[in-house]
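A.B. asks: Sending over model_7.txt (compact mmCIF, C-alpha atoms and all ligand atoms).
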# COMPACT_ATOMS: atom_id res chain seq x y z
CA MET A 1 62.27 -54.08 140.56
CA ASP A 2 65.33 -55.23 142.49
CA LYS A 3 65.29 -58.49 144.45
CA ILE A 4 66.02 -57.97 148.14
CA LEU A 5 66.82 -60.62 150.75
CA VAL A 6 65.46 -59.95 154.23
CA THR A 7 66.97 -62.24 156.85
CA GLY A 8 64.85 -62.56 159.99
CA GLY A 9 62.01 -61.31 157.80
CA LEU A 10 59.33 -63.02 159.90
CA GLY A 11 60.44 -61.24 163.05
CA PHE A 12 59.01 -58.07 164.58
CA ILE A 13 61.00 -55.41 162.69
CA GLY A 14 61.72 -57.70 159.74
CA SER A 15 58.06 -58.35 158.91
CA HIS A 16 57.20 -54.64 159.06
CA THR A 17 60.14 -53.92 156.76
CA VAL A 18 59.04 -56.60 154.25
CA VAL A 19 55.66 -54.82 154.05
CA GLU A 20 57.30 -51.47 153.32
CA LEU A 21 59.65 -53.03 150.74
CA GLN A 22 56.72 -54.62 148.94
CA ASN A 23 54.79 -51.35 149.12
CA LYS A 24 57.70 -49.81 147.20
CA GLY A 25 57.61 -52.58 144.58
CA TYR A 26 60.67 -54.57 145.58
CA GLU A 27 60.74 -58.34 145.05
CA VAL A 28 61.35 -59.78 148.52
CA VAL A 29 62.89 -63.08 149.60
CA ILE A 30 62.78 -63.97 153.31
CA ILE A 31 65.16 -66.24 155.17
CA ASP A 32 64.14 -67.09 158.74
CA ASP A 33 65.01 -70.02 161.01
CA LEU A 34 61.73 -69.61 162.95
CA SER A 35 63.65 -69.71 166.25
CA ASN A 36 61.94 -66.51 167.40
CA SER A 37 59.10 -66.10 164.88
CA SER A 38 56.16 -67.95 163.33
CA VAL A 39 55.49 -68.92 159.74
CA GLN A 40 51.94 -67.50 160.20
CA VAL A 41 53.52 -64.04 159.91
CA LEU A 42 53.64 -64.71 156.13
CA ASP A 43 49.81 -64.63 156.13
CA GLY A 44 49.85 -61.29 157.91
CA ILE A 45 52.24 -59.79 155.38
CA LYS A 46 50.15 -61.14 152.48
CA ALA A 47 46.96 -59.77 154.08
CA ILE A 48 48.50 -56.29 154.07
CA THR A 49 50.24 -56.17 150.70
CA GLY A 50 48.43 -58.87 148.74
CA LYS A 51 51.82 -59.82 147.32
CA ALA A 52 53.54 -63.17 147.50
CA VAL A 53 56.95 -63.44 149.07
CA ILE A 54 59.48 -66.26 148.71
CA PHE A 55 60.24 -67.76 152.13
CA LYS A 56 63.12 -70.12 152.87
CA ARG A 57 63.50 -71.64 156.33
CA LEU A 58 67.27 -71.74 156.78
CA ASP A 59 69.84 -71.65 159.57
CA LEU A 60 72.32 -68.96 158.57
CA LYS A 61 74.98 -70.62 160.76
CA ASP A 62 75.04 -73.43 158.16
CA LYS A 63 77.67 -72.19 155.71
CA THR A 64 76.79 -74.78 153.05
CA GLU A 65 73.11 -73.83 153.23
CA VAL A 66 73.97 -70.15 152.82
CA GLU A 67 76.23 -70.87 149.83
CA SER A 68 73.57 -73.04 148.22
CA PHE A 69 70.89 -70.38 148.76
CA PHE A 70 72.94 -67.63 147.13
CA SER A 71 73.88 -69.89 144.22
CA LYS A 72 70.15 -70.01 143.41
CA HIS A 73 69.63 -66.25 143.94
CA GLN A 74 72.51 -64.59 142.12
CA ASP A 75 70.16 -61.72 141.19
CA ILE A 76 69.91 -60.44 144.78
CA LYS A 77 70.76 -56.73 144.76
CA GLY A 78 70.53 -56.06 148.48
CA VAL A 79 70.26 -57.67 151.89
CA ILE A 80 68.59 -56.33 155.01
CA HIS A 81 70.02 -58.44 157.82
CA PHE A 82 67.80 -58.71 160.91
CA ALA A 83 68.43 -62.36 161.76
CA ALA A 84 70.13 -62.50 165.18
CA SER A 85 69.49 -63.53 168.76
CA LYS A 86 68.58 -60.37 170.67
CA ALA A 87 67.77 -61.07 174.32
CA VAL A 88 70.25 -59.11 176.43
CA GLY A 89 69.79 -61.21 179.57
CA GLU A 90 69.97 -64.53 177.72
CA SER A 91 73.20 -63.44 176.03
CA VAL A 92 74.91 -63.05 179.41
CA ASN A 93 74.16 -66.71 180.21
CA GLU A 94 74.77 -68.02 176.68
CA PRO A 95 77.67 -65.98 175.23
CA LEU A 96 78.93 -68.68 172.84
CA MET A 97 75.44 -69.18 171.38
CA TYR A 98 75.21 -65.41 170.76
CA TYR A 99 78.69 -65.01 169.26
CA GLU A 100 78.20 -68.02 167.00
CA ASN A 101 74.65 -67.20 165.89
CA ASN A 102 75.03 -63.48 165.41
CA LEU A 103 78.55 -63.37 163.96
CA ALA A 104 78.86 -66.59 161.95
CA SER A 105 75.61 -65.80 160.11
CA LEU A 106 76.84 -62.28 159.35
CA ILE A 107 80.20 -63.52 158.06
CA TYR A 108 78.66 -66.18 155.80
CA ILE A 109 76.30 -63.66 154.22
CA LEU A 110 79.08 -61.14 153.64
CA LYS A 111 81.22 -63.85 152.01
CA GLU A 112 78.42 -64.48 149.52
CA LEU A 113 77.84 -60.77 148.86
CA LYS A 114 81.55 -60.37 148.13
CA LYS A 115 81.08 -62.71 145.14
CA LEU A 116 78.33 -60.56 143.57
CA PRO A 117 79.09 -57.78 141.03
CA SER A 118 77.61 -55.31 143.52
CA ALA A 119 75.67 -55.55 146.76
CA SER A 120 73.93 -53.24 149.21
CA PHE A 121 73.81 -54.34 152.83
CA ILE A 122 71.70 -52.93 155.68
CA PHE A 123 72.69 -54.11 159.16
CA SER A 124 70.32 -54.17 162.12
CA SER A 125 72.33 -52.55 164.90
CA SER A 126 71.35 -50.98 168.19
CA CYS A 127 71.86 -47.91 170.37
CA THR A 128 73.11 -50.42 172.91
CA VAL A 129 76.55 -49.92 171.31
CA TYR A 130 76.71 -46.53 173.07
CA GLY A 131 76.08 -47.89 176.57
CA GLN A 132 75.30 -44.93 178.85
CA ALA A 133 76.34 -42.07 176.56
CA ASP A 134 78.15 -39.15 178.18
CA GLU A 135 76.16 -36.64 176.13
CA LEU A 136 72.47 -36.56 175.23
CA PRO A 137 70.96 -36.59 172.66
CA ILE A 138 73.24 -39.28 171.23
CA THR A 139 74.92 -38.64 167.86
CA GLU A 140 76.55 -41.24 165.60
CA ASN A 141 79.93 -39.86 166.69
CA ALA A 142 79.31 -40.76 170.33
CA PRO A 143 81.96 -43.20 171.50
CA VAL A 144 81.11 -46.88 171.21
CA LYS A 145 81.61 -48.15 174.74
CA THR A 146 82.51 -51.49 176.21
CA ALA A 147 79.40 -53.54 175.62
CA GLU A 148 77.20 -54.24 178.62
CA SER A 149 76.31 -57.71 177.27
CA PRO A 150 77.46 -60.30 174.72
CA TYR A 151 74.38 -59.31 172.69
CA GLY A 152 75.53 -55.69 172.57
CA ASN A 153 79.06 -56.87 171.79
CA THR A 154 77.83 -58.84 168.77
CA LYS A 155 76.39 -55.59 167.41
CA GLN A 156 79.65 -53.74 167.97
CA ILE A 157 81.79 -56.52 166.49
CA GLY A 158 79.29 -56.95 163.66
CA GLU A 159 79.68 -53.29 162.71
CA GLU A 160 83.47 -53.64 162.75
CA ILE A 161 83.34 -56.75 160.55
CA ILE A 162 81.18 -54.89 158.02
CA ALA A 163 83.32 -51.74 158.08
CA ASP A 164 86.54 -53.71 157.58
CA THR A 165 85.00 -55.71 154.73
CA CYS A 166 83.65 -52.64 152.93
CA LYS A 167 87.15 -51.14 153.02
CA VAL A 168 88.51 -53.93 150.81
CA VAL A 169 85.45 -54.92 148.77
CA PRO A 170 84.59 -51.89 146.59
CA SER A 171 81.46 -53.61 145.25
CA LEU A 172 79.98 -53.84 148.76
CA LYS A 173 78.17 -50.81 150.28
CA ALA A 174 76.69 -50.96 153.78
CA ILE A 175 74.69 -48.98 156.32
CA ALA A 176 74.35 -49.89 160.00
CA LEU A 177 71.08 -48.67 161.48
CA ARG A 178 71.31 -48.18 165.26
CA TYR A 179 67.78 -48.58 166.57
CA PHE A 180 66.65 -47.04 169.78
CA ASN A 181 63.55 -48.72 171.23
CA PRO A 182 61.21 -50.14 168.57
CA ILE A 183 57.56 -50.48 169.69
CA GLY A 184 54.04 -50.71 168.26
CA ALA A 185 52.45 -52.65 165.42
CA HIS A 186 51.14 -52.19 161.88
CA GLU A 187 47.85 -50.22 161.75
CA SER A 188 46.18 -53.15 159.94
CA VAL A 189 46.65 -55.28 163.10
CA GLU A 190 47.88 -58.07 160.78
CA ILE A 191 51.46 -58.08 162.11
CA GLY A 192 53.08 -56.99 165.37
CA GLU A 193 55.40 -58.09 168.14
CA LEU A 194 55.14 -61.76 169.18
CA PRO A 195 57.41 -62.15 172.20
CA ILE A 196 57.96 -65.79 173.16
CA GLY A 197 57.51 -66.43 176.88
CA VAL A 198 57.66 -63.63 179.45
CA PRO A 199 58.42 -60.36 177.63
CA GLN A 200 61.70 -58.71 178.62
CA ASN A 201 60.76 -55.41 176.99
CA LEU A 202 58.52 -52.77 178.52
CA VAL A 203 55.77 -52.30 175.95
CA PRO A 204 54.77 -55.94 175.38
CA PHE A 205 54.79 -56.41 179.16
CA ILE A 206 52.43 -53.45 179.50
CA THR A 207 49.96 -54.77 176.92
CA GLN A 208 50.11 -58.32 178.30
CA THR A 209 49.41 -56.97 181.80
CA ALA A 210 46.50 -54.88 180.52
CA ILE A 211 44.96 -57.88 178.72
CA GLY A 212 45.30 -60.01 181.87
CA LEU A 213 48.09 -62.34 180.73
CA ARG A 214 50.50 -60.89 183.36
CA GLU A 215 49.51 -60.05 186.91
CA GLN A 216 51.31 -56.75 187.29
CA LEU A 217 54.00 -54.65 185.60
CA SER A 218 57.14 -54.17 187.68
CA VAL A 219 58.68 -50.76 187.08
CA PHE A 220 62.39 -51.29 187.56
CA GLY A 221 63.35 -48.39 189.78
CA ASP A 222 62.11 -44.85 190.34
CA ASP A 223 65.25 -43.52 192.04
CA TYR A 224 67.16 -42.57 188.89
CA PRO A 225 68.34 -38.96 188.31
CA THR A 226 65.45 -38.23 185.91
CA PRO A 227 62.38 -35.96 186.30
CA ASP A 228 60.10 -38.74 187.57
CA GLY A 229 62.87 -41.09 188.74
CA THR A 230 62.31 -43.76 186.04
CA CYS A 231 64.61 -44.52 183.09
CA ILE A 232 64.31 -42.62 179.84
CA ARG A 233 64.36 -44.22 176.39
CA ASP A 234 63.61 -43.17 172.79
CA TYR A 235 60.59 -45.23 171.74
CA ILE A 236 60.23 -45.36 167.96
CA HIS A 237 57.21 -46.76 166.09
CA VAL A 238 58.20 -49.93 164.26
CA VAL A 239 56.55 -48.69 161.02
CA ASP A 240 58.68 -45.53 161.04
CA LEU A 241 61.68 -47.75 161.66
CA ALA A 242 60.73 -50.07 158.77
CA LYS A 243 60.39 -47.13 156.38
CA ALA A 244 63.87 -45.96 157.36
CA HIS A 245 65.25 -49.31 156.17
CA VAL A 246 63.70 -48.88 152.73
CA ILE A 247 65.09 -45.36 152.46
CA ALA A 248 68.55 -46.51 153.56
CA LEU A 249 68.48 -49.35 151.02
CA GLY A 250 67.44 -46.95 148.26
CA ARG A 251 70.35 -44.68 149.19
CA LEU A 252 72.78 -47.52 148.53
CA LEU A 253 71.07 -48.90 145.42
CA LYS A 254 71.07 -45.42 143.85
CA GLY A 255 74.69 -44.84 144.85
CA ASN A 256 73.84 -41.80 146.98
CA ASN A 257 75.94 -43.01 149.89
CA LYS A 258 78.79 -40.74 151.00
CA SER A 259 81.07 -43.65 151.83
CA ASN A 260 81.00 -47.42 151.57
CA TYR A 261 80.08 -47.78 155.25
CA GLU A 262 77.76 -45.42 157.12
CA THR A 263 75.90 -45.52 160.43
CA PHE A 264 72.61 -43.82 161.34
CA ASN A 265 70.78 -43.49 164.65
CA LEU A 266 67.07 -44.27 164.30
CA GLY A 267 65.00 -42.74 167.05
CA THR A 268 62.42 -39.98 167.46
CA GLY A 269 64.87 -37.65 169.20
CA LYS A 270 62.49 -37.51 172.16
CA GLY A 271 63.06 -39.33 175.44
CA SER A 272 60.15 -40.81 177.39
CA SER A 273 60.29 -42.20 180.92
CA VAL A 274 58.82 -45.55 181.89
CA LEU A 275 55.97 -43.79 183.74
CA GLU A 276 55.31 -41.56 180.72
CA VAL A 277 54.97 -44.69 178.58
CA VAL A 278 52.58 -46.19 181.13
CA ASN A 279 50.54 -42.96 181.19
CA ALA A 280 50.44 -42.84 177.38
CA PHE A 281 49.14 -46.41 177.36
CA GLU A 282 46.43 -45.64 179.95
CA GLU A 283 45.34 -42.58 177.96
CA VAL A 284 44.97 -44.34 174.60
CA SER A 285 43.57 -47.62 175.94
CA GLY A 286 41.35 -46.34 178.75
CA VAL A 287 42.80 -49.18 180.84
CA LYS A 288 44.20 -48.44 184.31
CA LEU A 289 47.45 -50.39 184.40
CA ASN A 290 48.35 -52.47 187.45
CA TYR A 291 52.01 -51.73 188.20
CA LYS A 292 54.36 -51.40 191.12
CA ILE A 293 57.76 -49.81 191.59
CA VAL A 294 60.45 -52.38 192.37
CA GLY A 295 64.26 -52.31 192.49
CA ARG A 296 66.48 -51.37 189.56
CA ARG A 297 67.20 -53.93 186.79
CA GLU A 298 70.87 -54.91 186.48
CA GLY A 299 72.54 -53.31 183.46
CA ASP A 300 69.91 -50.65 182.78
CA ILE A 301 71.25 -47.30 181.64
CA ILE A 302 69.63 -44.12 182.96
CA SER A 303 68.76 -42.31 179.77
CA ALA A 304 69.13 -42.68 175.99
CA TYR A 305 67.56 -40.78 173.13
CA ALA A 306 68.77 -40.06 169.63
CA ASP A 307 70.14 -36.99 167.90
CA THR A 308 68.21 -37.47 164.64
CA ASN A 309 69.92 -34.80 162.54
CA LYS A 310 72.05 -37.17 160.47
CA ALA A 311 69.13 -39.46 159.65
CA ASN A 312 66.90 -36.46 158.91
CA ASN A 313 69.43 -34.60 156.76
CA ASP A 314 71.52 -37.31 155.07
CA LEU A 315 68.96 -40.10 154.89
CA GLY A 316 66.02 -37.77 154.36
CA TRP A 317 64.01 -39.74 156.92
CA LYS A 318 61.82 -38.38 159.74
CA PRO A 319 59.57 -40.40 162.06
CA THR A 320 55.91 -39.43 161.71
CA LEU A 321 54.19 -41.53 164.40
CA SER A 322 53.94 -40.59 168.07
CA LEU A 323 54.35 -42.51 171.31
CA LYS A 324 50.55 -42.59 171.64
CA ASP A 325 50.17 -43.90 168.06
CA ALA A 326 52.61 -46.67 168.94
CA MET A 327 50.95 -47.55 172.25
CA LEU A 328 47.49 -47.67 170.66
CA SER A 329 48.74 -49.90 167.84
CA ALA A 330 50.48 -52.19 170.36
CA TRP A 331 47.25 -52.43 172.37
CA LYS A 332 45.09 -53.19 169.31
CA TRP A 333 47.58 -55.89 168.31
CA GLU A 334 47.56 -57.45 171.80
CA GLN A 335 43.77 -57.55 171.74
CA LYS A 336 43.81 -59.22 168.32
CA VAL A 337 46.44 -61.81 169.33
CA ARG A 338 44.53 -62.67 172.52
CA GLY A 339 41.30 -62.88 170.56
CA ASN A 340 39.57 -60.06 172.42
C1 LIG A 401 62.94 -50.10 178.63
C2 LIG A 401 62.76 -49.47 180.01
C3 LIG A 401 63.50 -50.85 181.83
C4 LIG A 401 60.50 -53.97 181.35
C5 LIG A 401 66.51 -53.41 175.16
C6 LIG A 401 67.82 -53.85 174.63
C7 LIG A 401 68.12 -53.12 173.35
C8 LIG A 401 66.98 -53.32 172.38
C9 LIG A 401 65.67 -52.83 172.99
C10 LIG A 401 67.45 -55.19 170.94
C11 LIG A 401 63.95 -49.73 180.93
C12 LIG A 401 62.00 -50.60 181.89
C13 LIG A 401 61.26 -52.83 181.17
C14 LIG A 401 59.71 -54.11 182.51
C15 LIG A 401 60.46 -51.95 183.25
N1 LIG A 401 66.86 -54.68 172.04
N2 LIG A 401 61.22 -51.85 182.10
N3 LIG A 401 59.71 -53.09 183.43
O1 LIG A 401 66.44 -52.24 177.99
O2 LIG A 401 66.02 -50.02 176.80
O3 LIG A 401 66.57 -52.04 175.46
O4 LIG A 401 65.48 -53.61 174.20
O5 LIG A 401 68.07 -54.59 170.11
O6 LIG A 401 69.31 -53.64 172.81
O7 LIG A 401 68.81 -53.50 175.56
O8 LIG A 401 64.36 -51.87 176.56
O9 LIG A 401 61.99 -52.41 176.92
O10 LIG A 401 63.75 -53.80 178.12
O11 LIG A 401 63.32 -51.45 178.84
O12 LIG A 401 60.43 -51.02 184.09
O13 LIG A 401 59.01 -55.14 182.76
O14 LIG A 401 61.64 -50.07 180.65
O15 LIG A 401 64.07 -50.77 183.12
O16 LIG A 401 64.15 -48.57 181.71
P1 LIG A 401 65.91 -51.50 176.82
P2 LIG A 401 63.31 -52.47 177.60
Would you mind writing the file's structure down as structure tokens?

C.D. replies:
Amino acid sequence: MDKILVTGGLGFIGSHTVVELQNKGYEVVIIDDLSNSSVQVLDGIKAITGKAVIFKRLDLKDKTEVESFFSKHQDIKGVIHFAASKAVGESVNEPLMYYENNLASLIYILKELKKLPSASFIFSSSCTVYGQADELPITENAPVKTAESPYGNTKQIGEEIIADTCKVVPSLKAIALRYFNPIGAHESVEIGELPIGVPQNLVPFITQTAIGLREQLSVFGDDYPTPDGTCIRDYIHVVDLAKAHVIALGRLLKGNNKSNYETFNLGTGKGSSVLEVVNAFEEVSGVKLNYKIVGRREGDIISAYADTNKANNDLGWKPTLSLKDAMLSAWKWEQKVRGN
């Protein structure tokens, strides 16, 4: 079976995707610099699939390292590129770190893929490229707006770099997957989200509050023009998201792509408010969550959820897990990590 490189393969979405690739029989090689992940994740992957995976700790900003790696792996047929810095707030304070890390690594990988007889490339993008969309649900044709953060800008620029390269490198085929809000953990409780420090995202903050690691969840604003006043997002189970990557890769490897560069929104198509997520957590966990309403968070958009028709029809992918499935899996994972 084809050899696939997964960069950032020890991260949250990367590790779940490695599991699904191995389940489909692919030979997987992981590159990760361990800046936002732990080498123990390898044990979790092995516990689920029972299959070995080649792991190389490598900084993708090091051009020579990237060249040397690919010289030893000329049989790579595809790359799923997760490796990137992804904290929105941090990117505002450290723009150069974000532009260098997220774009240099992308460019060096593409330069190596250009040398191969053929290559399939899946890019981890984000619904953040849409900003606050004018129309909901959000389709892939929605205008890409001025990024709200350097992080979001690296996703927009990254997509442009890939699109421009695919135009002049016929052997390179690519898909950008624009994730909405990935949450949850693998049902085996062997892998999940491992935020370092205080979580920025809602769901890990909920589970850390429920387990007693955090005092109280702050709900950032309940005065938005939404039914319950809190922001709406499209929360997608990370396992559904991982399976979409394997389907997208297969589309390219089989030559079923309609053009050399395509984009797909990956969401459930259903929006959930912050309070609805809290309620879903309380229902599945039986834990009453300690939270308070505070002021709005700078940069938050009001509402975002995906139009999933293109992914359903062209990719042949549909999410199967619910918000409650995701919240329960996130809770079970939190309890495992905290040893409860
Ligand atoms: C969701 C909702 C918050 C924390 C970000 C990135 C996006 C992608 C996913 C990388 C919002 C509210 C949150 C808290 C809260 N990341 N919230 N209290 O901002 O939609 O997306 O993560 O690709 O690019 O922008 O996700 O989980 O931070 O927030 O009330 O302690 O939960 O205001 O409405 P977001 P989030």

A.B. asks: Point out the residue among A:Leu217, A:Ile236, A:Ala119, A:Ile157 with the least atom-to-atom distance to Lys173 in chain A, counting all atoms listed in the file.

C.D. replies: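 Closest to Lys173 in chain A, using all atoms listed in the file: A:Ala119.
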
A.B. asks: Can you measure CA of Leu96 in chain A to CA of Tyr151 in chain A for me? One decimal in Å is fine.

C.D. replies: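 Going from CA of Leu96 in chain A over to CA of Tyr151 in chain A covers 10.4 Å.
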
A.B. asks: How many Å lie between CA of Leu328 in chain A and CA of Val284 in chain A, rounded to one decimal?

C.D. replies: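 For CA of Leu328 in chain A relative to CA of Val284 in chain A, the distance reads 5.7 Å.
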
A.B. asks: What is the CA of Cys127 in chain A-CA of Lys270 in chain A distance in Å, reported with one decimal?

C.D. replies: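 Going from CA of Cys127 in chain A over to CA of Lys270 in chain A, I get 14.1 Å.
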
A.B. asks: Per residue of chain A within 9 Å of ligand LIG 401 (chain A), note the shortest atom pair and the distance in Å to one decimal, counting all atoms listed in the file, and order the rows by chain and increasing residue number, as JSON lines.

C.D. replies:
{"residue": "A:Ser85", "atom": "CA", "partner": "A:LIG401", "partner_atom": "C10", "distance": 8.9}
{"residue": "A:Lys86", "atom": "CA", "partner": "A:LIG401", "partner_atom": "C10", "distance": 5.3}
{"residue": "A:Ala87", "atom": "CA", "partner": "A:LIG401", "partner_atom": "C10", "distance": 6.8}
{"residue": "A:Val88", "atom": "CA", "partner": "A:LIG401", "partner_atom": "O7", "distance": 5.9}
{"residue": "A:Gly89", "atom": "CA", "partner": "A:LIG401", "partner_atom": "O7", "distance": 8.7}
{"residue": "A:Ser124", "atom": "CA", "partner": "A:LIG401", "partner_atom": "O5", "distance": 8.3}
{"residue": "A:Ser125", "atom": "CA", "partner": "A:LIG401", "partner_atom": "O5", "distance": 7.0}
{"residue": "A:Ser126", "atom": "CA", "partner": "A:LIG401", "partner_atom": "O5", "distance": 5.2}
{"residue": "A:Cys127", "atom": "CA", "partner": "A:LIG401", "partner_atom": "O6", "distance": 6.7}
{"residue": "A:Thr128", "atom": "CA", "partner": "A:LIG401", "partner_atom": "O6", "distance": 5.0}
{"residue": "A:Val129", "atom": "CA", "partner": "A:LIG401", "partner_atom": "O6", "distance": 8.3}
{"residue": "A:Glu148", "atom": "CA", "partner": "A:LIG401", "partner_atom": "O7", "distance": 9.0}
{"residue": "A:Ser149", "atom": "CA", "partner": "A:LIG401", "partner_atom": "O7", "distance": 8.8}
{"residue": "A:Tyr151", "atom": "CA", "partner": "A:LIG401", "partner_atom": "O6", "distance": 7.6}
{"residue": "A:Gly152", "atom": "CA", "partner": "A:LIG401", "partner_atom": "O6", "distance": 6.6}
{"residue": "A:Lys155", "atom": "CA", "partner": "A:LIG401", "partner_atom": "O5", "distance": 8.8}
{"residue": "A:Arg178", "atom": "CA", "partner": "A:LIG401", "partner_atom": "O5", "distance": 8.7}
{"residue": "A:Tyr179", "atom": "CA", "partner": "A:LIG401", "partner_atom": "O5", "distance": 7.0}
{"residue": "A:Phe180", "atom": "CA", "partner": "A:LIG401", "partner_atom": "C9", "distance": 6.7}
{"residue": "A:Asn181", "atom": "CA", "partner": "A:LIG401", "partner_atom": "C9", "distance": 4.9}
{"residue": "A:Pro182", "atom": "CA", "partner": "A:LIG401", "partner_atom": "C9", "distance": 6.8}
{"residue": "A:Ile183", "atom": "CA", "partner": "A:LIG401", "partner_atom": "O9", "distance": 8.7}
{"residue": "A:Pro199", "atom": "CA", "partner": "A:LIG401", "partner_atom": "O13", "distance": 7.3}
{"residue": "A:Gln200", "atom": "CA", "partner": "A:LIG401", "partner_atom": "O10", "distance": 5.3}
{"residue": "A:Asn201", "atom": "CA", "partner": "A:LIG401", "partner_atom": "O9", "distance": 3.2}
{"residue": "A:Leu202", "atom": "CA", "partner": "A:LIG401", "partner_atom": "C4", "distance": 3.7}
{"residue": "A:Val203", "atom": "CA", "partner": "A:LIG401", "partner_atom": "O9", "distance": 6.3}
{"residue": "A:Pro204", "atom": "CA", "partner": "A:LIG401", "partner_atom": "O9", "distance": 8.2}
{"residue": "A:Phe205", "atom": "CA", "partner": "A:LIG401", "partner_atom": "O13", "distance": 5.7}
{"residue": "A:Ile206", "atom": "CA", "partner": "A:LIG401", "partner_atom": "O13", "distance": 7.5}
{"residue": "A:Leu217", "atom": "CA", "partner": "A:LIG401", "partner_atom": "O13", "distance": 5.8}
{"residue": "A:Ser218", "atom": "CA", "partner": "A:LIG401", "partner_atom": "N3", "distance": 5.1}
{"residue": "A:Val219", "atom": "CA", "partner": "A:LIG401", "partner_atom": "O12", "distance": 3.5}
{"residue": "A:Phe220", "atom": "CA", "partner": "A:LIG401", "partner_atom": "O12", "distance": 4.0}
{"residue": "A:Gly221", "atom": "CA", "partner": "A:LIG401", "partner_atom": "O12", "distance": 6.9}
{"residue": "A:Asp222", "atom": "CA", "partner": "A:LIG401", "partner_atom": "O12", "distance": 8.9}
{"residue": "A:Thr230", "atom": "CA", "partner": "A:LIG401", "partner_atom": "O16", "distance": 6.7}
{"residue": "A:Cys231", "atom": "CA", "partner": "A:LIG401", "partner_atom": "O16", "distance": 4.3}
{"residue": "A:Ile232", "atom": "CA", "partner": "A:LIG401", "partner_atom": "O16", "distance": 6.2}
{"residue": "A:Arg233", "atom": "CA", "partner": "A:LIG401", "partner_atom": "O2", "distance": 6.0}
{"residue": "A:Asp234", "atom": "CA", "partner": "A:LIG401", "partner_atom": "O2", "distance": 8.3}
{"residue": "A:Tyr235", "atom": "CA", "partner": "A:LIG401", "partner_atom": "C1", "distance": 8.8}
{"residue": "A:Ser273", "atom": "CA", "partner": "A:LIG401", "partner_atom": "O16", "distance": 7.5}
{"residue": "A:Val274", "atom": "CA", "partner": "A:LIG401", "partner_atom": "O14", "distance": 5.5}
{"residue": "A:Leu275", "atom": "CA", "partner": "A:LIG401", "partner_atom": "O12", "distance": 8.5}
{"residue": "A:Val277", "atom": "CA", "partner": "A:LIG401", "partner_atom": "O14", "distance": 8.8}
{"residue": "A:Ile293", "atom": "CA", "partner": "A:LIG401", "partner_atom": "O12", "distance": 8.1}
{"residue": "A:Val294", "atom": "CA", "partner": "A:LIG401", "partner_atom": "O12", "distance": 8.4}
{"residue": "A:Arg296", "atom": "CA", "partner": "A:LIG401", "partner_atom": "O15", "distance": 6.9}
{"residue": "A:Arg297", "atom": "CA", "partner": "A:LIG401", "partner_atom": "O15", "distance": 5.8}
{"residue": "A:Glu298", "atom": "CA", "partner": "A:LIG401", "partner_atom": "O15", "distance": 8.6}
{"residue": "A:Gly299", "atom": "CA", "partner": "A:LIG401", "partner_atom": "O1", "distance": 8.3}
{"residue": "A:Asp300", "atom": "CA", "partner": "A:LIG401", "partner_atom": "O15", "distance": 5.9}
{"residue": "A:Ile301", "atom": "CA", "partner": "A:LIG401", "partner_atom": "O16", "distance": 7.2}
{"residue": "A:Ile302", "atom": "CA", "partner": "A:LIG401", "partner_atom": "O16", "distance": 7.2}
{"residue": "A:Ser303", "atom": "CA", "partner": "A:LIG401", "partner_atom": "O16", "distance": 8.0}
{"residue": "A:Ala304", "atom": "CA", "partner": "A:LIG401", "partner_atom": "O2", "distance": 8.0}

A.B. asks: If we count only C-alpha atoms and set the cut-off at 10 Å, which residues sit around Gly316 in chain A, ignoring sequence neighbours fewer than 2 positions away in its own chain? Please answer as a list in words.

C.D. replies: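 The contact residues come out as Ala244, Ile247, Ala248, Arg251, Asn309, Lys310, Ala311, Asn312, Asn313, Asp314 and Lys318 of chain A.
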
A.B. asks: For range 12-21 of chain A, work out the shell of residues within 9 Å, counting all atoms listed in the file and skipping chain neighbours fewer than 5 positions away, then give it as a count of residues only.

C.D. replies: 37

A.B. asks: So, with all atoms listed in the file as the atoms that count, which of A:Leu113, A:Leu103, A:Asp33, A:Ala280 lies closest to Glu67 in chain A?

C.D. replies: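 Once distances to Glu67 in chain A are computed over all atoms listed in the file, the minimum belongs to A:Leu113.
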
A.B. asks: Using only C-alpha atoms, which residue out of A:Met327, A:Gly295, A:His73, A:Val189 lies closest to Asp223 in chain A?

C.D. replies: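 Distance minimum relative to Asp223 in chain A lands on A:Gly295.
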
A.B. asks: Counting all atoms listed in the file, which residue out of A:Ala147, A:Val66, A:Leu172, A:Val79 sits closest to Val92 in chain A?

C.D. replies: A:Ala147

A.B. asks: Given the choices A:Pro225, A:Thr207, A:Lys56, A:Lys51, which gets closest to Gly9 in chain A if the distance is worked out from only C-alpha atoms?

C.D. replies: A:Lys56

A.B. asks: Pick from A:Ala174, A:Ile54, A:Val144, A:Leu116: nearest to Leu253 in chain A, with only C-alpha atoms counted?

C.D. replies: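 Nearest to Leu253 in chain A: A:Ala174.
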